[in-house]
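Shown below: run21.cif, with mmCIF, C-alpha atoms.
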```cif
data_entry
loop_
_atom_site.label_atom_id
_atom_site.label_comp_id
_atom_site.auth_asym_id
_atom_site.auth_seq_id
_atom_site.Cartn_x
_atom_site.Cartn_y
_atom_site.Cartn_z
CA MET A 1 204.87 -63.61 -85.63
CA GLU A 2 206.90 -61.63 -83.16
CA ILE A 3 209.02 -58.72 -84.20
CA SER A 4 211.15 -57.10 -81.56
CA LEU A 5 213.74 -54.40 -82.06
CA ALA A 6 215.98 -55.77 -79.33
CA PRO A 7 217.52 -59.23 -79.60
CA GLU A 8 216.04 -61.92 -77.40
CA THR A 9 218.11 -63.70 -74.75
CA ILE A 10 218.20 -67.45 -74.99
CA ALA A 11 220.35 -68.27 -71.99
CA TYR A 12 222.18 -66.77 -69.07
CA LEU A 13 225.86 -67.26 -68.31
CA GLY A 14 225.86 -66.39 -64.64
CA SER A 15 224.13 -63.03 -64.86
CA PHE A 16 225.32 -62.22 -68.39
CA PRO A 17 222.49 -62.62 -70.91
CA ILE A 18 223.43 -64.51 -74.04
CA THR A 19 221.23 -63.27 -76.87
CA ASN A 20 220.64 -65.17 -80.07
CA THR A 21 222.60 -62.59 -82.03
CA PHE A 22 225.58 -62.93 -79.69
CA PHE A 23 225.46 -66.66 -80.29
CA ILE A 24 225.50 -66.13 -84.07
CA THR A 25 228.38 -63.65 -83.75
CA ILE A 26 230.43 -66.26 -81.94
CA ILE A 27 229.59 -68.88 -84.56
CA ILE A 28 230.63 -66.60 -87.42
CA SER A 29 233.84 -65.51 -85.72
CA LEU A 30 234.78 -69.12 -85.00
CA LEU A 31 234.00 -70.00 -88.61
CA ILE A 32 236.35 -67.33 -89.94
CA ILE A 33 239.11 -68.11 -87.46
CA ILE A 34 239.00 -71.88 -87.93
CA THR A 35 238.83 -71.64 -91.73
CA SER A 36 241.84 -69.37 -91.95
CA PHE A 37 243.75 -71.49 -89.45
CA LEU A 38 243.09 -74.73 -91.32
CA LEU A 39 243.88 -73.13 -94.67
CA GLN A 40 247.13 -71.70 -93.44
CA ARG A 41 248.42 -75.16 -92.54
CA LYS A 42 248.65 -76.53 -96.06
CA ILE A 43 248.88 -73.79 -98.64
CA ASN A 44 249.62 -74.96 -102.16
CA LEU A 45 251.51 -72.74 -104.56
CA ILE A 46 248.95 -73.57 -107.26
CA PRO A 47 245.61 -73.13 -105.52
CA LYS A 48 242.79 -75.53 -106.10
CA GLY A 49 239.25 -75.86 -104.80
CA PHE A 50 238.36 -73.90 -101.71
CA GLN A 51 241.69 -72.12 -101.52
CA ASN A 52 241.11 -70.96 -105.09
CA ILE A 53 237.78 -69.36 -104.22
CA LEU A 54 239.20 -67.56 -101.20
CA GLU A 55 242.16 -66.29 -103.20
CA TRP A 56 239.79 -64.97 -105.86
CA ILE A 57 237.76 -63.12 -103.24
CA LEU A 58 240.85 -61.64 -101.62
CA GLU A 59 242.39 -60.61 -104.95
CA ASN A 60 239.22 -58.80 -105.94
CA LEU A 61 239.12 -57.03 -102.59
CA LEU A 62 242.75 -56.00 -103.07
CA GLU A 63 241.97 -54.51 -106.50
CA LEU A 64 238.93 -52.71 -105.11
CA ILE A 65 240.99 -51.17 -102.34
CA ASP A 66 243.73 -50.28 -104.82
CA GLY A 67 241.15 -48.38 -106.84
CA VAL A 68 240.47 -46.11 -103.89
CA THR A 69 243.93 -45.63 -102.42
CA LYS A 70 245.95 -45.76 -105.67
CA ASN A 71 249.01 -46.62 -103.63
CA ARG A 72 250.12 -50.22 -103.04
CA GLU A 73 251.86 -49.38 -99.77
CA GLN A 74 248.75 -47.90 -98.28
CA THR A 75 246.59 -50.71 -99.64
CA ARG A 76 248.71 -53.23 -97.77
CA LYS A 77 248.24 -51.26 -94.55
CA PHE A 78 244.49 -50.97 -94.90
CA PHE A 79 243.74 -54.35 -96.42
CA PRO A 80 243.47 -56.52 -93.25
CA VAL A 81 240.91 -54.32 -91.50
CA VAL A 82 238.80 -53.57 -94.55
CA ALA A 83 238.76 -57.16 -95.79
CA THR A 84 237.87 -58.48 -92.34
CA ILE A 85 235.05 -55.99 -92.00
CA PHE A 86 233.74 -56.99 -95.42
CA ILE A 87 233.87 -60.75 -94.79
CA PHE A 88 232.43 -60.49 -91.28
CA VAL A 89 229.58 -58.19 -92.29
CA ILE A 90 228.67 -60.13 -95.41
CA LEU A 91 228.50 -63.41 -93.49
CA SER A 92 226.41 -61.75 -90.76
CA ASN A 93 224.05 -60.28 -93.34
CA TRP A 94 223.56 -63.56 -95.17
CA ILE A 95 222.67 -65.50 -92.03
CA GLU A 96 219.13 -64.14 -92.22
CA ILE A 97 218.47 -66.02 -95.48
CA VAL A 98 219.17 -69.36 -93.82
CA PRO A 99 215.89 -71.28 -93.39
CA GLY A 100 214.79 -71.12 -89.80
CA LEU A 101 214.67 -67.35 -89.41
CA GLY A 102 212.13 -66.62 -86.74
CA THR A 103 210.68 -70.14 -86.82
CA ILE A 104 213.11 -72.48 -85.05
CA GLY A 105 213.62 -71.56 -81.45
CA LEU A 106 212.70 -71.90 -77.81
CA LYS A 107 209.18 -71.66 -76.56
CA HIS A 108 208.44 -69.06 -73.99
CA PHE A 109 205.33 -67.83 -72.32
CA GLN A 110 204.72 -64.13 -72.19
CA GLU A 111 201.58 -62.42 -70.89
CA GLY A 112 199.70 -65.67 -71.11
CA LYS A 113 200.40 -66.11 -74.84
CA GLU A 114 202.79 -68.68 -76.23
CA GLY A 115 205.67 -67.17 -78.13
CA ILE A 116 208.90 -68.32 -79.66
CA ILE A 117 212.46 -67.07 -79.24
CA PRO A 118 214.16 -67.74 -82.57
CA PHE A 119 217.67 -69.12 -82.68
CA ILE A 120 218.59 -67.51 -85.97
CA ARG A 121 218.60 -63.75 -86.09
CA SER A 122 221.16 -61.93 -88.12
CA ASN A 123 223.65 -60.26 -85.84
CA SER A 124 223.66 -57.18 -88.05
CA ALA A 125 220.04 -56.76 -86.96
CA ASP A 126 221.39 -56.12 -83.47
CA LEU A 127 222.20 -52.49 -82.77
CA ASN A 128 224.86 -53.62 -80.27
CA MET A 129 226.96 -55.24 -82.98
CA THR A 130 226.64 -52.49 -85.58
CA LEU A 131 227.32 -49.78 -83.01
CA ALA A 132 230.38 -51.64 -81.76
CA LEU A 133 231.72 -52.11 -85.29
CA SER A 134 231.12 -48.46 -86.22
CA LEU A 135 232.80 -47.24 -83.00
CA VAL A 136 235.80 -49.44 -83.77
CA VAL A 137 236.03 -48.07 -87.32
CA VAL A 138 235.67 -44.40 -86.37
CA ILE A 139 238.21 -44.59 -83.53
CA LEU A 140 240.57 -46.55 -85.81
CA VAL A 141 240.28 -43.77 -88.41
CA GLN A 142 241.36 -41.22 -85.80
CA PHE A 143 244.38 -43.33 -84.88
CA ILE A 144 245.33 -43.84 -88.52
CA GLY A 145 245.14 -40.09 -89.10
CA ILE A 146 247.33 -39.40 -86.09
CA THR A 147 249.97 -41.95 -87.12
CA ALA A 148 250.05 -40.66 -90.68
CA LEU A 149 250.08 -36.92 -90.02
CA GLY A 150 251.20 -36.45 -86.43
CA VAL A 151 249.06 -35.16 -83.58
CA LYS A 152 249.47 -31.46 -84.34
CA LYS A 153 248.59 -31.61 -88.01
CA TYR A 154 245.69 -33.99 -87.47
CA THR A 155 244.04 -31.95 -84.71
CA GLY A 156 244.83 -28.90 -86.80
CA LYS A 157 242.19 -30.17 -89.21
CA PHE A 158 239.51 -29.89 -86.54
CA LEU A 159 240.64 -27.02 -84.36
CA VAL A 160 241.48 -24.32 -86.85
CA SER A 161 242.73 -21.16 -85.22
CA PRO A 162 240.51 -18.12 -85.97
CA LEU A 163 243.55 -15.90 -86.33
CA LYS A 164 244.80 -17.54 -89.52
CA LYS A 165 243.74 -17.27 -93.12
CA PRO A 166 240.07 -18.39 -93.44
CA TYR A 167 239.43 -16.62 -90.09
CA PHE A 168 236.17 -17.59 -88.42
CA VAL A 169 234.89 -19.68 -91.27
CA GLY A 170 237.81 -22.05 -90.70
CA THR A 171 236.96 -22.49 -87.01
CA PHE A 172 233.33 -23.10 -87.86
CA VAL A 173 234.15 -25.69 -90.49
CA GLY A 174 236.52 -27.39 -88.06
CA ALA A 175 233.78 -27.64 -85.43
CA LEU A 176 231.44 -29.00 -88.09
CA GLU A 177 234.02 -31.69 -88.87
CA ILE A 178 234.04 -32.80 -85.24
CA ILE A 179 230.26 -33.08 -85.25
CA SER A 180 230.37 -34.99 -88.49
CA GLU A 181 232.69 -37.56 -86.89
CA PHE A 182 229.96 -38.32 -84.38
CA ALA A 183 227.39 -38.34 -87.15
CA LYS A 184 229.51 -40.97 -88.90
CA ILE A 185 229.18 -43.29 -85.90
CA ILE A 186 225.41 -42.98 -85.95
CA SER A 187 225.10 -43.26 -89.71
CA PHE A 188 227.35 -46.32 -89.97
CA SER A 189 225.49 -48.23 -87.30
CA PHE A 190 221.98 -47.25 -88.34
CA ARG A 191 222.55 -47.84 -92.04
CA LEU A 192 223.55 -51.46 -91.50
CA PHE A 193 221.04 -52.06 -88.70
CA GLY A 194 218.12 -50.52 -90.58
CA ASN A 195 218.79 -52.37 -93.81
CA ILE A 196 219.18 -55.81 -92.28
CA PHE A 197 216.44 -55.46 -89.66
CA ALA A 198 213.97 -54.18 -92.24
CA GLY A 199 214.97 -57.10 -94.45
CA GLU A 200 214.25 -59.52 -91.63
CA VAL A 201 210.85 -57.97 -90.96
CA LEU A 202 210.09 -58.13 -94.67
CA LEU A 203 211.07 -61.80 -94.87
CA THR A 204 209.11 -62.69 -91.73
CA VAL A 205 205.99 -61.00 -93.03
CA ALA A 206 206.32 -62.42 -96.55
CA LEU A 207 206.87 -65.94 -95.24
CA THR A 208 203.91 -65.59 -92.89
CA LEU A 209 201.60 -64.65 -95.73
CA VAL A 210 202.69 -67.14 -98.42
CA PRO A 211 205.25 -69.69 -97.20
CA TYR A 212 206.06 -71.32 -100.54
CA PHE A 213 207.64 -69.91 -103.73
CA LEU A 214 206.25 -66.38 -103.57
CA PRO A 215 208.87 -65.03 -101.11
CA LEU A 216 211.64 -65.99 -103.58
CA PRO A 217 212.06 -62.41 -104.96
CA PHE A 218 212.38 -61.16 -101.39
CA LEU A 219 215.08 -63.70 -100.65
CA LEU A 220 216.97 -62.64 -103.77
CA LEU A 221 216.59 -59.01 -102.73
CA GLU A 222 218.00 -59.83 -99.31
CA ILE A 223 221.02 -61.58 -100.83
CA PHE A 224 221.68 -58.49 -102.91
CA VAL A 225 221.11 -56.04 -100.05
CA GLY A 226 223.37 -58.05 -97.73
CA PHE A 227 226.20 -57.93 -100.25
CA ILE A 228 225.74 -54.22 -101.00
CA GLN A 229 225.59 -53.22 -97.32
CA ALA A 230 228.77 -55.15 -96.55
CA LEU A 231 230.49 -53.53 -99.54
CA VAL A 232 229.30 -50.06 -98.52
CA PHE A 233 230.44 -50.49 -94.92
CA ALA A 234 233.90 -51.64 -95.96
CA MET A 235 234.30 -49.03 -98.73
CA LEU A 236 233.12 -46.20 -96.48
CA ALA A 237 235.56 -47.27 -93.79
CA LEU A 238 238.30 -47.31 -96.42
CA VAL A 239 237.37 -43.89 -97.80
CA PHE A 240 237.37 -42.34 -94.33
CA MET A 241 240.74 -43.89 -93.60
CA LYS A 242 242.12 -42.49 -96.86
CA ILE A 243 240.72 -39.02 -96.17
CA ALA A 244 242.23 -39.07 -92.66
CA THR A 245 245.73 -39.57 -94.05
CA GLU A 246 245.54 -36.71 -96.51
CA HIS A 247 246.66 -33.18 -95.88
CA HIS A 248 243.98 -30.53 -95.87
CA MET B 1 178.23 -35.52 -90.87
CA VAL B 2 180.95 -33.18 -89.55
CA ASN B 3 180.25 -34.33 -86.01
CA GLU B 4 180.64 -37.97 -87.03
CA THR B 5 183.96 -37.30 -88.75
CA LYS B 6 185.13 -35.42 -85.66
CA ALA B 7 184.17 -38.35 -83.45
CA VAL B 8 186.07 -40.83 -85.67
CA VAL B 9 189.21 -38.70 -85.78
CA GLU B 10 189.13 -38.10 -82.03
CA GLY B 11 188.69 -41.79 -81.46
CA ALA B 12 191.66 -42.54 -83.68
CA LEU B 13 193.90 -40.00 -81.98
CA ASN B 14 192.91 -40.98 -78.45
CA ASN B 15 193.71 -44.63 -79.04
CA VAL B 16 197.44 -45.17 -78.55
CA GLU B 17 197.69 -48.15 -80.87
CA SER B 18 196.16 -46.36 -83.81
CA ALA B 19 198.17 -43.20 -83.17
CA LYS B 20 201.30 -45.35 -83.22
CA ALA B 21 200.29 -46.92 -86.52
CA ILE B 22 199.58 -43.54 -88.12
CA GLY B 23 202.86 -42.14 -86.82
CA ALA B 24 204.88 -45.04 -88.18
CA ALA B 25 203.19 -44.90 -91.58
CA ILE B 26 203.68 -41.15 -92.00
CA SER B 27 207.30 -41.37 -90.88
CA ILE B 28 208.43 -43.89 -93.45
CA GLY B 29 206.14 -42.48 -96.14
CA MET B 30 207.55 -38.97 -96.01
CA GLY B 31 211.08 -40.23 -95.49
CA ALA B 32 211.08 -42.30 -98.63
CA ILE B 33 210.12 -39.38 -100.89
CA GLY B 34 213.41 -37.49 -100.69
CA SER B 35 215.49 -40.62 -100.87
CA GLY B 36 213.63 -41.90 -103.90
CA ILE B 37 214.12 -38.66 -105.80
CA GLY B 38 217.79 -38.57 -104.82
CA ILE B 39 218.52 -42.09 -105.98
CA GLY B 40 216.69 -41.46 -109.24
CA LEU B 41 218.83 -38.39 -109.92
CA LEU B 42 222.01 -40.29 -109.10
CA ALA B 43 221.20 -43.22 -111.33
CA SER B 44 220.19 -40.99 -114.23
CA LYS B 45 223.43 -39.02 -114.09
CA ALA B 46 225.44 -42.22 -113.83
CA LEU B 47 223.71 -43.72 -116.85
CA GLU B 48 224.29 -40.53 -118.77
CA ALA B 49 227.98 -40.64 -117.90
CA ILE B 50 228.26 -44.29 -118.92
CA GLY B 51 226.54 -43.49 -122.20
CA ARG B 52 229.08 -40.79 -122.96
CA ASN B 53 232.08 -42.87 -121.94
CA PRO B 54 231.41 -46.62 -121.95
CA GLU B 55 235.03 -47.43 -121.06
CA ALA B 56 234.78 -45.89 -117.61
CA ALA B 57 231.65 -47.93 -116.86
CA SER B 58 233.05 -49.96 -113.94
CA LYS B 59 234.56 -46.92 -112.19
CA ILE B 60 231.30 -45.00 -112.53
CA GLN B 61 229.38 -48.02 -111.27
CA THR B 62 231.49 -48.30 -108.12
CA VAL B 63 231.06 -44.65 -107.20
CA MET B 64 227.37 -44.77 -108.06
CA ILE B 65 226.74 -47.70 -105.71
CA LEU B 66 228.56 -45.89 -102.90
CA ALA B 67 226.54 -42.71 -103.42
CA ILE B 68 223.27 -44.65 -103.61
CA ALA B 69 224.04 -46.28 -100.27
CA PHE B 70 224.54 -42.86 -98.70
CA THR B 71 221.23 -41.57 -100.03
CA GLU B 72 219.38 -44.71 -99.09
CA ALA B 73 220.67 -44.40 -95.53
CA ILE B 74 218.40 -41.37 -95.02
CA ALA B 75 215.34 -43.42 -95.86
CA ILE B 76 216.64 -46.14 -93.55
CA TYR B 77 216.80 -43.63 -90.68
CA ALA B 78 213.12 -42.85 -91.31
CA LEU B 79 212.38 -46.58 -91.35
CA VAL B 80 214.15 -47.09 -88.03
CA VAL B 81 212.11 -44.26 -86.49
CA ALA B 82 208.94 -45.88 -87.82
CA LEU B 83 209.92 -49.24 -86.33
CA ILE B 84 210.74 -47.64 -82.99
CA ILE B 85 207.38 -45.89 -82.93
CA LYS B 86 205.54 -49.07 -83.74
CA PHE B 87 207.40 -51.62 -81.64
CA VAL B 88 208.94 -49.83 -78.67
#
```

Have the structure of the file written as structure tokens, please.
Amino acid sequence: MEISLAPETIAYLGSFPITNTFFITIIISLLIIITSFLLQRKINLIPKGFQNILEWILENLLELIDGVTKNREQTRKFFPVVATIFIFVILSNWIEIVPGLGTIGLKHFQEGKEGIIPFIRSNSADLNMTLALSLVVVILVQFIGITALGVKKYTGKFLVSPLKKPYFVGTFVGALEIISEFAKIISFSFRLFGNIFAGEVLLTVALTLVPYFLPLPFLLLEIFVGFIQALVFAMLALVFMKIATEHH
Amino acid sequence: MVNETKAVVEGALNNVESAKAIGAAISIGMGAIGSGIGIGLLASKALEAIGRNPEAASKIQTVMILAIAFTEAIAIYALVVALIIKFV
């Protein structure tokens, strides 16, 4: 039973290491792209079957986002990013429940002992992916704030002049806001990474101890945690976007 | 008896592997305390609010889940530190 914080490389493309999580990321992205492409070809006015399920998911997401923004115009602007984040993260989180986690893989020899490089490892358990996603979200929030309020007003939230009303307290709070933007990057990435990686360790250990039936509660817990973490990531991104477009 | 205890503790602290294990255990143990209390407080207030106003149940539930994720994140940071100590 090998547990490593960093993802393991399974192949090299020239000198670029392809890790198992990168492989899974590509599979999930292709899945989303190909599904939406195929669905877009023949859309029925009265949905049935698979199209029905997807429409139900998207309608619920739309209502959820409406509940936060309370403004249909703004919901339409934010919906693509938030819904994509939700669908991508929830699929990435649920990959770890697929049978084969940590067991199916390539053999490799390390320090004389035989080990295994698993094929399936959730790509949310890779700090590269969560950090990249959180950087994208935080930088996107800055851009959304600038487009909504204009450069002067938006930077005016962070760099408050000490000669105006709240005097030095205002400058201090503005500096604190800048620091909290960086803290958001860290907290976004580590929240998702910690939850999913800890879940994988838990599943690996539980399956090592008792392989049949007893790990079922842990699998159910992981389904729930995967859903909640995806929801939290998307909702937090949405809330930060909404706050960025509001006046002080 | 005191000398034997001293020898055991010194042995444990001089051995890197055991020091790592102790460090990881203490990190996640202490980290989970605050988070557990926080989530308990949140859930109790949310249940109270739902009891007073059952119609707003779904709104309260949404905000509660968001707040619980924030609080749980602190315990997750402690867990990540524990994992780094143990495995890196």

For the interface of chain A with chain B (cut-off 12 Å, counting all atoms listed in the file), please tabulate each contacting residue of chain A alongside its nearest pair of atoms and their separation in Å to one decimal, rows sorted by chain and increasing number, as a tab-separated table.
```
residue	atom	partner	partner_atom	distance
A:Glu2	CA	B:Phe87	CA	10.1
A:Ile3	CA	B:Phe87	CA	7.7
A:Ser4	CA	B:Phe87	CA	6.6
A:Leu5	CA	B:Phe87	CA	6.9
A:Ala6	CA	B:Val88	CA	9.2
A:Leu64	CA	B:Thr62	CA	9.2
A:Ile65	CA	B:Thr62	CA	11.5
A:Gly67	CA	B:Lys59	CA	8.6
A:Val68	CA	B:Val63	CA	10.1
A:Ala125	CA	B:Val80	CA	11.4
A:Leu127	CA	B:Val80	CA	11.0
A:Lys184	CA	B:Phe70	CA	11.1
A:Ile186	CA	B:Tyr77	CA	9.8
A:Ser187	CA	B:Ala73	CA	7.4
A:Phe188	CA	B:Ala73	CA	8.9
A:Ser189	CA	B:Ala73	CA	10.3
A:Phe190	CA	B:Tyr77	CA	6.7
A:Arg191	CA	B:Ala73	CA	5.2
A:Leu192	CA	B:Ala73	CA	8.6
A:Phe193	CA	B:Val80	CA	8.5
A:Gly194	CA	B:Ile76	CA	5.5
A:Asn195	CA	B:Ile76	CA	6.6
A:Ile196	CA	B:Ile76	CA	10.1
A:Phe197	CA	B:Val80	CA	8.8
A:Ala198	CA	B:Leu79	CA	7.8
A:Gly199	CA	B:Ile76	CA	11.1
A:Val201	CA	B:Leu83	CA	9.9
A:Val225	CA	B:Ala69	CA	10.2
A:Phe227	CA	B:Ile65	CA	11.6
A:Ile228	CA	B:Ile65	CA	8.1
A:Gln229	CA	B:Ala69	CA	7.7
A:Ala230	CA	B:Ala69	CA	10.7
A:Leu231	CA	B:Leu66	CA	8.6
A:Val232	CA	B:Leu66	CA	6.1
A:Phe233	CA	B:Ala69	CA	9.3
A:Ala234	CA	B:Leu66	CA	10.5
A:Met235	CA	B:Leu66	CA	7.8
A:Leu236	CA	B:Leu66	CA	7.9
A:Ala237	CA	B:Leu66	CA	11.6
A:Leu238	CA	B:Leu66	CA	11.8
A:Val239	CA	B:Leu66	CA	10.4
```

Written file, previous selection with C-alpha atoms, as a compact mmCIF listing (two decimals), keeping the file's coordinate frame:
```
# COMPACT_ATOMS: atom_id res chain seq x y z
CA GLU A 2 206.90 -61.63 -83.16
CA ILE A 3 209.02 -58.72 -84.20
CA SER A 4 211.15 -57.10 -81.56
CA LEU A 5 213.74 -54.40 -82.06
CA ALA A 6 215.98 -55.77 -79.33
CA LEU A 64 238.93 -52.71 -105.11
CA ILE A 65 240.99 -51.17 -102.34
CA GLY A 67 241.15 -48.38 -106.84
CA VAL A 68 240.47 -46.11 -103.89
CA ALA A 125 220.04 -56.76 -86.96
CA LEU A 127 222.20 -52.49 -82.77
CA LYS A 184 229.51 -40.97 -88.90
CA ILE A 186 225.41 -42.98 -85.95
CA SER A 187 225.10 -43.26 -89.71
CA PHE A 188 227.35 -46.32 -89.97
CA SER A 189 225.49 -48.23 -87.30
CA PHE A 190 221.98 -47.25 -88.34
CA ARG A 191 222.55 -47.84 -92.04
CA LEU A 192 223.55 -51.46 -91.50
CA PHE A 193 221.04 -52.06 -88.70
CA GLY A 194 218.12 -50.52 -90.58
CA ASN A 195 218.79 -52.37 -93.81
CA ILE A 196 219.18 -55.81 -92.28
CA PHE A 197 216.44 -55.46 -89.66
CA ALA A 198 213.97 -54.18 -92.24
CA GLY A 199 214.97 -57.10 -94.45
CA VAL A 201 210.85 -57.97 -90.96
CA VAL A 225 221.11 -56.04 -100.05
CA PHE A 227 226.20 -57.93 -100.25
CA ILE A 228 225.74 -54.22 -101.00
CA GLN A 229 225.59 -53.22 -97.32
CA ALA A 230 228.77 -55.15 -96.55
CA LEU A 231 230.49 -53.53 -99.54
CA VAL A 232 229.30 -50.06 -98.52
CA PHE A 233 230.44 -50.49 -94.92
CA ALA A 234 233.90 -51.64 -95.96
CA MET A 235 234.30 -49.03 -98.73
CA LEU A 236 233.12 -46.20 -96.48
CA ALA A 237 235.56 -47.27 -93.79
CA LEU A 238 238.30 -47.31 -96.42
CA VAL A 239 237.37 -43.89 -97.80
```

Selection dump of the PyMOL selection byres ((chain A and resi 147-155) around 10), as a PyMOL selection string: chain A and resi 141-146+156-160+174+244-248

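Atom to atom, atom CA of Phe218 of chain A and atom CA of Leu202 of chain A stand 7.7 Å apart.
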
Where's the centre, and what are the edge lengths in Å to one decimal, of a box along x, y and z enclosing all listed atoms of segment 169-188 of chain A padded 4 Å per side, as AutoDock Vina command-line options?
```
--center_x 231.5 --center_y -33.0 --center_z -87.8 --size_x 20.7 --size_y 34.6 --size_z 14.9
```

Quick one: which residues end up in the PyMOL selection byres ((chain B and resi 20) around 12) for this structure, as a PDB file with C-alpha atoms, keeping the file's coordinate frame?
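Result written to part.pdb:
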```
ATOM      1  CA  ALA B  12     191.660 -42.540 -83.680  1.00  0.00           C
ATOM      2  CA  LEU B  13     193.900 -40.000 -81.980  1.00  0.00           C
ATOM      3  CA  ASN B  14     192.910 -40.980 -78.450  1.00  0.00           C
ATOM      4  CA  ASN B  15     193.710 -44.630 -79.040  1.00  0.00           C
ATOM      5  CA  VAL B  16     197.440 -45.170 -78.550  1.00  0.00           C
ATOM      6  CA  GLU B  17     197.690 -48.150 -80.870  1.00  0.00           C
ATOM      7  CA  SER B  18     196.160 -46.360 -83.810  1.00  0.00           C
ATOM      8  CA  ALA B  19     198.170 -43.200 -83.170  1.00  0.00           C
ATOM      9  CA  ALA B  21     200.290 -46.920 -86.520  1.00  0.00           C
ATOM     10  CA  ILE B  22     199.580 -43.540 -88.120  1.00  0.00           C
ATOM     11  CA  GLY B  23     202.860 -42.140 -86.820  1.00  0.00           C
ATOM     12  CA  ALA B  24     204.880 -45.040 -88.180  1.00  0.00           C
ATOM     13  CA  ALA B  25     203.190 -44.900 -91.580  1.00  0.00           C
ATOM     14  CA  ILE B  26     203.680 -41.150 -92.000  1.00  0.00           C
ATOM     15  CA  SER B  27     207.300 -41.370 -90.880  1.00  0.00           C
ATOM     16  CA  VAL B  81     212.110 -44.260 -86.490  1.00  0.00           C
ATOM     17  CA  ALA B  82     208.940 -45.880 -87.820  1.00  0.00           C
ATOM     18  CA  LEU B  83     209.920 -49.240 -86.330  1.00  0.00           C
ATOM     19  CA  ILE B  84     210.740 -47.640 -82.990  1.00  0.00           C
ATOM     20  CA  ILE B  85     207.380 -45.890 -82.930  1.00  0.00           C
ATOM     21  CA  LYS B  86     205.540 -49.070 -83.740  1.00  0.00           C
ATOM     22  CA  PHE B  87     207.400 -51.620 -81.640  1.00  0.00           C
ATOM     23  CA  VAL B  88     208.940 -49.830 -78.670  1.00  0.00           C
TER      24      VAL B  88
END
```

Long-range neighbours of segment 95-111 of chain A as a PyMOL selection string, 8 Å cut-off, all atoms listed in the file, 4 positions minimum in chain: chain A and resi 1+10+91+115-122+200+204+219+222-223
